[in-house]
Amino acid sequence: MALMYGKEKDADFEIDNVSHPGFCSFFKKLPPKSPETGTIRLFNRGDYYSVHGPDALYIATHLYHTNTVIKYLGPGGRDGLPSVTLSANSAKMFLREALTARQLKIEIYAPEAGQGKRATKFTLDKEASPGNLQDVEEMLFGNADITSAPVVMAIRVASTPAVPGAPANAKTKQVGVAFADTSTRELGVADFVDNDLFSNTETLIIQLAVKEAILPTGTQSGTTERDVDLKKLKDVLERCNVVITERKPSEFNSRNIQDDLMRLLDPSSIPSSSNGVDAASIIPQLNLPAAPASLAALITYLSLLSDPSNHGAYTIRTHDLTQFMRLDASALRALNLIDAPGNVGANKNATLLGLLNKCKTAQGSRLLASWLKQPLVNLHEIRKRQDLVDVFVQDPNSRRLLQEEQLKLLPDMHRICKRFQKSVASLEDVVRVYQAVLKLEGLVKTIENIDTTDEYRTLIDEMYLSKLKEFETSLSKYADMVQDTLDLDELENHNFVVKPEYDPYLEELAGTLKTVRDALDKEHRRVAAELDLDLDKKLHLENSPVWGYCFRVSKLDSKKLEEHRRAFSELGTQKSGVFFTTAALRDSAEEYRETVAKYKAKQSKLVGEIVAIAATYTPILESWNNVIAHLDVIISFAHVAVNAPEPYVKPEVLEKGTGSVILKDARHPCLEVQDDISFIPNDVEMIKNESEFQIITGPNMGGKSTYIRQVGVIALLAQTGCWVPCSEARLPVFDSVLCRVGAGDSQLRGVSTFMAEMLETANILRSASKDSLIIIDELGRGTSTYDGFGLAWAISEHIASAVHAFCLFATHFHELTTLAQQLPHVRNLHVVAHVSASSPGADGSAKKDMTLLYRVAPGVCDQSFGIHVAELAHFPARVVRLAKRKADELEDFDAGDKERAAALPAATVEEGTALVEELLRAWSSTSSTSSTSSTSSSSSARAAGDEDVDMTNGEGDAGDGTGDDAEAQLAALRRCVEQFRPRLEGNAWVQQVLTSLA
């Protein structure tokens, strides 16, 4: 955790010894936790909390960072039950961190009825998980703003009928998804067909920023198709860092979903003609094939119906995957959208969210995070956002006023509205809204005074001004209500009280209190005069929690009380002095206590009425909150665009499928703001059908990864509506950005680096379209050089020839650059490095110095400079010399082959090539079963992704032929070779090829 607790008083609470045996017995009988759940159990003991067993060891390690806080309950010393205690504040801090950053689940137990601090039996009181914070929301956050929305999702996979004419191995799944954001009381559904890699489901998870997923429990065999699907789905969820919760399959039953929705949904969202009409006809989401069952499981898991405040408060919508750019978990990492788990807040400029988040409100920060994961594909909406950013770029004065004097002072209306709906709001919440309403006038005036063109003025009026004026009119009555009911003069003292004049009885009680206070002051003056003590300096009138209003004098001055023993009644003696009272003071104090109790009771009733009136404004406040969030994000975009090291530009975005990618002086926005970095920009030119596929070679650390990733970042920013770090930018709308970048092992899931790489690449091959942007960085490094190159070639050829997507392919396989000779729309680029020879080294060899220029230029880089990078990393000199010698040997061997080939006449090479082609055609025509493998490149492409490969038994799909067919093909080849043997032996080039293959 970010907070270092150390051993404080938190660990010093003592669990009563009398309760040890009973509690230990109770704890052993608790149901076991599944090892996959990551659940922590806390026991509420009134003033503090306790954790036990393995949870105590976890708290000691991760919270206190020492095992000295562990105490053992029961007999046996260290063989007893490990236990750790936490103060209430430390427990809240830990819970907040556990649920929002550590992705843990929480169970809080409370003592059974009738048991006090010595409780031995507890019942489950609250449950919470990363996607469901309802039970602990007020406990953890109170009036604090939540900067990320907890979204929980339920997923059901249904079988789909075979599509007529589709290949037998084209497996598809019908996926029904339901999701909920309890902070905004919104339900959503999505129903779509997915492939067996669940690519669309992964996209949906990223778009919604899901924290937790509910799945039906699988069987134990793991062999049925349903179990295989669940395992694949879990792999996707784990890759996206989503907490998985399994529930009984019986909960995924849509039998009662219609009635449940009718109780939960806001009546205003249901047509008035719904009386007596079947719910399925007025709630279109119920007609989806698989989503209603997921919705039923979600409502049950969240226990939405058990909370009366949820009834009639929710809305429902259908999420369309196609309205946003598709992103996957790999793209999130490659484009640095958000912090990686466990790395939160390390460097805010290291991620796009941290860099762009100059928002002044919590609702703005939440919306920005949503926008970055949901880039638009609607060109009209993209341009509308960019035009709004242009407005605030051109008017810095209005931008500053709105940021510092308006938005900065506005509360998170979503949080306040949620408190209103749950009936836990206070007068402080009412006042916070009132203070925000007072800012509306200045907000409207500032926007009215924006200096812009008539075209942009219309847009500003449409998006902000007209709506804010409506809110100002609607909320004027709210302001009047607060001014009429609350004592605003007391706000300076942070007292939130009802104005006495608001209610006649309250005013009467206020008058009585004033009279009683006057009587108390009168008695105070009288006793001071009688005892000849200075008022307030010697004789103090105090409201003691034990005796009520009474007098206090020091022990030295208490001697004067003995002279008037009959007039004064001594109450007690403490370190601070002697407390006493008089008959008149006792009567006045009692009257004051009774009047205050009546006043509080009456005020509490009035507060309830005031809060209830304020709660009726919730729909307006929610709408206002949405406008504020939108304005905050747009202004944040403008702020970043203007204050970057080099100002951003407004990109020209074109319709999907039209235009090319032209970026002048493109930069990576996160890297250029890092300390001690002087970023070198590069131009990008990807012309459709001319240079849409680009292969980038060059040395390690030369900037290949940065170059290709910044193109993806710029595309994402442009479709989010933000300006981009270029001097000029023109690009089309992309339906997806698909990335294959460096992946680490995941031993816990049994996934190696190479397998992770293949899974990501398979997802690209299944998902990419001609309107996609594909970014591939160093494919094929996790296996042998030959296998890696074969896969890299096949995949790149497939993307370039079959998909025709925009693709940036960084590689160290220099042989891959020959693809440009086969396909006209493939271009070769390389990152430039300058190598100069210097004086001989200690071993007598010339030492080369390498300077990385970070420039991208046309052409091929014919070496990787790996050994030069090893020298920069200070490898031992002996290791570097050995590496150079072995590399030279390999280069000499390769050069010998090239020299031998070059020594042959061109006519001999052409004749040999034609002879081999004739042989292969003859073999093909005589074989009835070998037509599926005409070239090595097409077969590689097939192995890479066009066909499914069954790897469960270690055998790949070798085609439709059987073993007998293979023998027949081999026999046919032998006959053809014998037929062509005289001509083959007469060609030197063919003999040279055969020798090299031997």
# chains A, B, ... in the order shown; residues from 1 in each chain; ligands from 1

$ select_by_dssp --residues "range 604-683 of chain A" --states "helix (DSSP H, G or I)" --output "MDAnalysis selection string"
chainID A and resid 604:615 618:643

$ write_last_selection --atoms "C-alpha atoms" --output "PDB file, in the first residue's frame"
ATOM      1  CA  SER A 604     -34.379  16.669  12.811  1.00  0.00           C
ATOM      2  CA  LYS A 605     -37.927  16.330  11.524  1.00  0.00           C
ATOM      3  CA  LEU A 606     -37.602  19.549   9.548  1.00  0.00           C
ATOM      4  CA  VAL A 607     -34.224  18.459   8.182  1.00  0.00           C
ATOM      5  CA  GLY A 608     -35.852  15.272   6.889  1.00  0.00           C
ATOM      6  CA  GLU A 609     -38.489  17.348   5.109  1.00  0.00           C
ATOM      7  CA  ILE A 610     -35.879  19.698   3.628  1.00  0.00           C
ATOM      8  CA  VAL A 611     -33.710  16.818   2.413  1.00  0.00           C
ATOM      9  CA  ALA A 612     -36.782  15.138   0.914  1.00  0.00           C
ATOM     10  CA  ILE A 613     -37.575  18.337  -1.021  1.00  0.00           C
ATOM     11  CA  ALA A 614     -33.963  18.604  -2.163  1.00  0.00           C
ATOM     12  CA  ALA A 615     -34.034  14.979  -3.336  1.00  0.00           C
ATOM     13  CA  THR A 618     -32.046  14.740  -8.349  1.00  0.00           C
ATOM     14  CA  PRO A 619     -32.875  14.342 -12.091  1.00  0.00           C
ATOM     15  CA  ILE A 620     -31.888  17.975 -12.761  1.00  0.00           C
ATOM     16  CA  LEU A 621     -28.700  17.622 -10.717  1.00  0.00           C
ATOM     17  CA  GLU A 622     -27.738  14.451 -12.599  1.00  0.00           C
ATOM     18  CA  SER A 623     -28.211  16.181 -15.956  1.00  0.00           C
ATOM     19  CA  TRP A 624     -26.258  19.189 -14.746  1.00  0.00           C
ATOM     20  CA  ASN A 625     -23.506  16.877 -13.538  1.00  0.00           C
ATOM     21  CA  ASN A 626     -23.206  15.319 -17.012  1.00  0.00           C
ATOM     22  CA  VAL A 627     -22.857  18.734 -18.668  1.00  0.00           C
ATOM     23  CA  ILE A 628     -20.211  19.787 -16.137  1.00  0.00           C
ATOM     24  CA  ALA A 629     -18.238  16.573 -16.704  1.00  0.00           C
ATOM     25  CA  HIS A 630     -18.319  17.064 -20.489  1.00  0.00           C
ATOM     26  CA  LEU A 631     -17.206  20.691 -20.210  1.00  0.00           C
ATOM     27  CA  ASP A 632     -14.441  19.740 -17.785  1.00  0.00           C
ATOM     28  CA  VAL A 633     -12.970  17.121 -20.137  1.00  0.00           C
ATOM     29  CA  ILE A 634     -13.098  19.406 -23.185  1.00  0.00           C
ATOM     30  CA  ILE A 635     -11.315  22.172 -21.280  1.00  0.00           C
ATOM     31  CA  SER A 636      -8.760  19.630 -20.031  1.00  0.00           C
ATOM     32  CA  PHE A 637      -8.053  18.632 -23.650  1.00  0.00           C
ATOM     33  CA  ALA A 638      -7.550  22.281 -24.562  1.00  0.00           C
ATOM     34  CA  HIS A 639      -5.261  22.833 -21.570  1.00  0.00           C
ATOM     35  CA  VAL A 640      -3.033  19.892 -22.525  1.00  0.00           C
ATOM     36  CA  ALA A 641      -2.957  20.889 -26.212  1.00  0.00           C
ATOM     37  CA  VAL A 642      -1.748  24.396 -25.391  1.00  0.00           C
ATOM     38  CA  ASN A 643       0.692  23.545 -22.601  1.00  0.00           C
TER      39      ASN A 643
END

$ residues_around --residues "range 758-774 of chain A" --least-positions-apart "3" --cutoff "6 Å" --atoms "only C-alpha atoms" --output "count of residues only"
13

$ residues_around --residues "Phe252 in chain A" --least-positions-apart "6" --cutoff "8 Å" --atoms "only C-alpha atoms" --output "list in words"
Arg156, Pro216, Ala293, Ser294, Leu295, Ala296 and Ala297 of chain A

$ select_by_dssp --residues "range 241-372 of chain A" --states "strand (DSSP E or B)" --output "ChimeraX atom specification"
/A:243-247,265,314-318,324,326

$ residues_around --residues "Thr913 in chain A" --least-positions-apart "4" --cutoff "9 Å" --atoms "only C-alpha atoms" --output "PyMOL selection string"
chain A and resi 908-909+917-918+989-990

$ write_last_selection --atoms "C-alpha atoms" --output "PDB file, in the first residue's frame"
ATOM      1  CA  THR A 908      21.684 -20.803 -65.070  1.00  0.00           C
ATOM      2  CA  VAL A 909      19.750 -19.471 -62.075  1.00  0.00           C
ATOM      3  CA  GLU A 917       8.582 -24.770 -60.918  1.00  0.00           C
ATOM      4  CA  GLU A 918       7.925 -27.238 -63.780  1.00  0.00           C
ATOM      5  CA  TRP A 989      22.026 -23.896 -59.412  1.00  0.00           C
ATOM      6  CA  VAL A 990      19.650 -26.781 -58.598  1.00  0.00           C
TER       7      VAL A 990
END

$ residues_around --residues "range 493-507 of chain A" --least-positions-apart "5" --cutoff "10 Å" --atoms "only C-alpha atoms" --output "VMD selection string"
chain A and resid 426 to 431 482 to 488 512 to 513 598 to 604 606 to 607 610

$ closest_residue --among "A:Tyr109, A:Phe420, A:Phe809, A:Phe471" --to "Lys439 in chain A" --atoms "only C-alpha atoms"
A:Phe471

$ residues_around --residues "Gly859 in chain A" --least-positions-apart "3" --cutoff "12 Å" --atoms "only C-alpha atoms" --output "PyMOL selection string"
chain A and resi 694-698+814+817-818+820+826-832+856+862

$ write_last_selection --atoms "N, CA and C atoms" --output "PDB file, in the first residue's frame"
ATOM      1  N   GLN A 694       3.848  -1.227 -43.355  1.00  0.00           N
ATOM      2  CA  GLN A 694       5.219  -0.742 -43.241  1.00  0.00           C
ATOM      3  C   GLN A 694       6.013  -1.625 -42.288  1.00  0.00           C
ATOM      4  N   ILE A 695       7.168  -2.056 -42.755  1.00  0.00           N
ATOM      5  CA  ILE A 695       8.086  -2.885 -41.961  1.00  0.00           C
ATOM      6  C   ILE A 695       9.230  -1.994 -41.487  1.00  0.00           C
ATOM      7  N   ILE A 696       9.419  -1.934 -40.165  1.00  0.00           N
ATOM      8  CA  ILE A 696      10.438  -1.054 -39.589  1.00  0.00           C
ATOM      9  C   ILE A 696      11.534  -1.909 -38.974  1.00  0.00           C
ATOM     10  N   THR A 697      12.751  -1.729 -39.448  1.00  0.00           N
ATOM     11  CA  THR A 697      13.908  -2.434 -38.907  1.00  0.00           C
ATOM     12  C   THR A 697      14.866  -1.428 -38.290  1.00  0.00           C
ATOM     13  N   GLY A 698      15.851  -1.933 -37.574  1.00  0.00           N
ATOM     14  CA  GLY A 698      16.836  -1.048 -36.961  1.00  0.00           C
ATOM     15  C   GLY A 698      17.316  -1.579 -35.640  1.00  0.00           C
ATOM     16  N   HIS A 814      15.442  -9.257 -40.686  1.00  0.00           N
ATOM     17  CA  HIS A 814      15.687  -8.411 -41.854  1.00  0.00           C
ATOM     18  C   HIS A 814      15.245  -9.076 -43.148  1.00  0.00           C
ATOM     19  N   THR A 817      11.978  -8.030 -44.913  1.00  0.00           N
ATOM     20  CA  THR A 817      11.864  -6.834 -45.757  1.00  0.00           C
ATOM     21  C   THR A 817      11.708  -7.187 -47.231  1.00  0.00           C
ATOM     22  N   THR A 818      12.038  -8.431 -47.612  1.00  0.00           N
ATOM     23  CA  THR A 818      11.851  -8.827 -49.020  1.00  0.00           C
ATOM     24  C   THR A 818      10.385  -8.938 -49.388  1.00  0.00           C
ATOM     25  N   ALA A 820       8.418  -6.593 -49.404  1.00  0.00           N
ATOM     26  CA  ALA A 820       8.140  -5.404 -50.212  1.00  0.00           C
ATOM     27  C   ALA A 820       8.349  -5.662 -51.700  1.00  0.00           C
ATOM     28  N   VAL A 826       3.624  -2.664 -49.653  1.00  0.00           N
ATOM     29  CA  VAL A 826       4.489  -2.843 -48.483  1.00  0.00           C
ATOM     30  C   VAL A 826       5.709  -1.938 -48.638  1.00  0.00           C
ATOM     31  N   ARG A 827       6.047  -1.208 -47.582  1.00  0.00           N
ATOM     32  CA  ARG A 827       7.198  -0.312 -47.607  1.00  0.00           C
ATOM     33  C   ARG A 827       8.138  -0.661 -46.459  1.00  0.00           C
ATOM     34  N   ASN A 828       9.416  -0.470 -46.715  1.00  0.00           N
ATOM     35  CA  ASN A 828      10.439  -0.702 -45.690  1.00  0.00           C
ATOM     36  C   ASN A 828      10.938   0.625 -45.130  1.00  0.00           C
ATOM     37  N   LEU A 829      11.006   0.695 -43.793  1.00  0.00           N
ATOM     38  CA  LEU A 829      11.577   1.850 -43.095  1.00  0.00           C
ATOM     39  C   LEU A 829      12.625   1.333 -42.115  1.00  0.00           C
ATOM     40  N   HIS A 830      13.503   2.213 -41.704  1.00  0.00           N
ATOM     41  CA  HIS A 830      14.468   1.817 -40.682  1.00  0.00           C
ATOM     42  C   HIS A 830      14.791   3.017 -39.800  1.00  0.00           C
ATOM     43  N   VAL A 831      15.144   2.709 -38.553  1.00  0.00           N
ATOM     44  CA  VAL A 831      15.587   3.765 -37.643  1.00  0.00           C
ATOM     45  C   VAL A 831      17.086   3.941 -37.824  1.00  0.00           C
ATOM     46  N   VAL A 832      17.508   5.164 -37.865  1.00  0.00           N
ATOM     47  CA  VAL A 832      18.879   5.490 -38.259  1.00  0.00           C
ATOM     48  C   VAL A 832      19.810   5.428 -37.053  1.00  0.00           C
ATOM     49  N   VAL A 856      13.550   8.060 -38.404  1.00  0.00           N
ATOM     50  CA  VAL A 856      13.025   6.990 -39.236  1.00  0.00           C
ATOM     51  C   VAL A 856      13.167   7.413 -40.690  1.00  0.00           C
ATOM     52  N   ASP A 862      20.403  -3.261 -42.428  1.00  0.00           N
ATOM     53  CA  ASP A 862      20.919  -4.602 -42.677  1.00  0.00           C
ATOM     54  C   ASP A 862      21.591  -5.231 -41.469  1.00  0.00           C
TER      55      ASP A 862
END

$ atom_distance --atom1 "CA of Ala968 in chain A" --atom2 "CA of Leu984 in chain A"
22.6 Å

$ residues_around --residues "Arg96 in chain A" --least-positions-apart "4" --cutoff "10 Å" --atoms "only C-alpha atoms" --output "list in words"
Ser90, Ala91, Lys92, Thr100, Ala101, Arg102, Pro130, Leu133, Val136, Glu137, Met139, Leu140 and Phe141 of chain A

$ atom_distance --atom1 "CA of Arg385 in chain A" --atom2 "CA of Ala329 in chain A"
25.7 Å

$ closest_residue --among "A:Leu853, A:Ala213, A:Met153, A:Cys550" --to "Phe179 in chain A" --atoms "only C-alpha atoms"
A:Met153

$ atom_distance --atom1 "CA of Ile775 in chain A" --atom2 "CA of His798 in chain A"
14.4 Å

$ closest_residue --among "A:Val243, A:Lys514, A:Arg226, A:Val175" --to "Lys105 in chain A" --atoms "only C-alpha atoms"
A:Val243
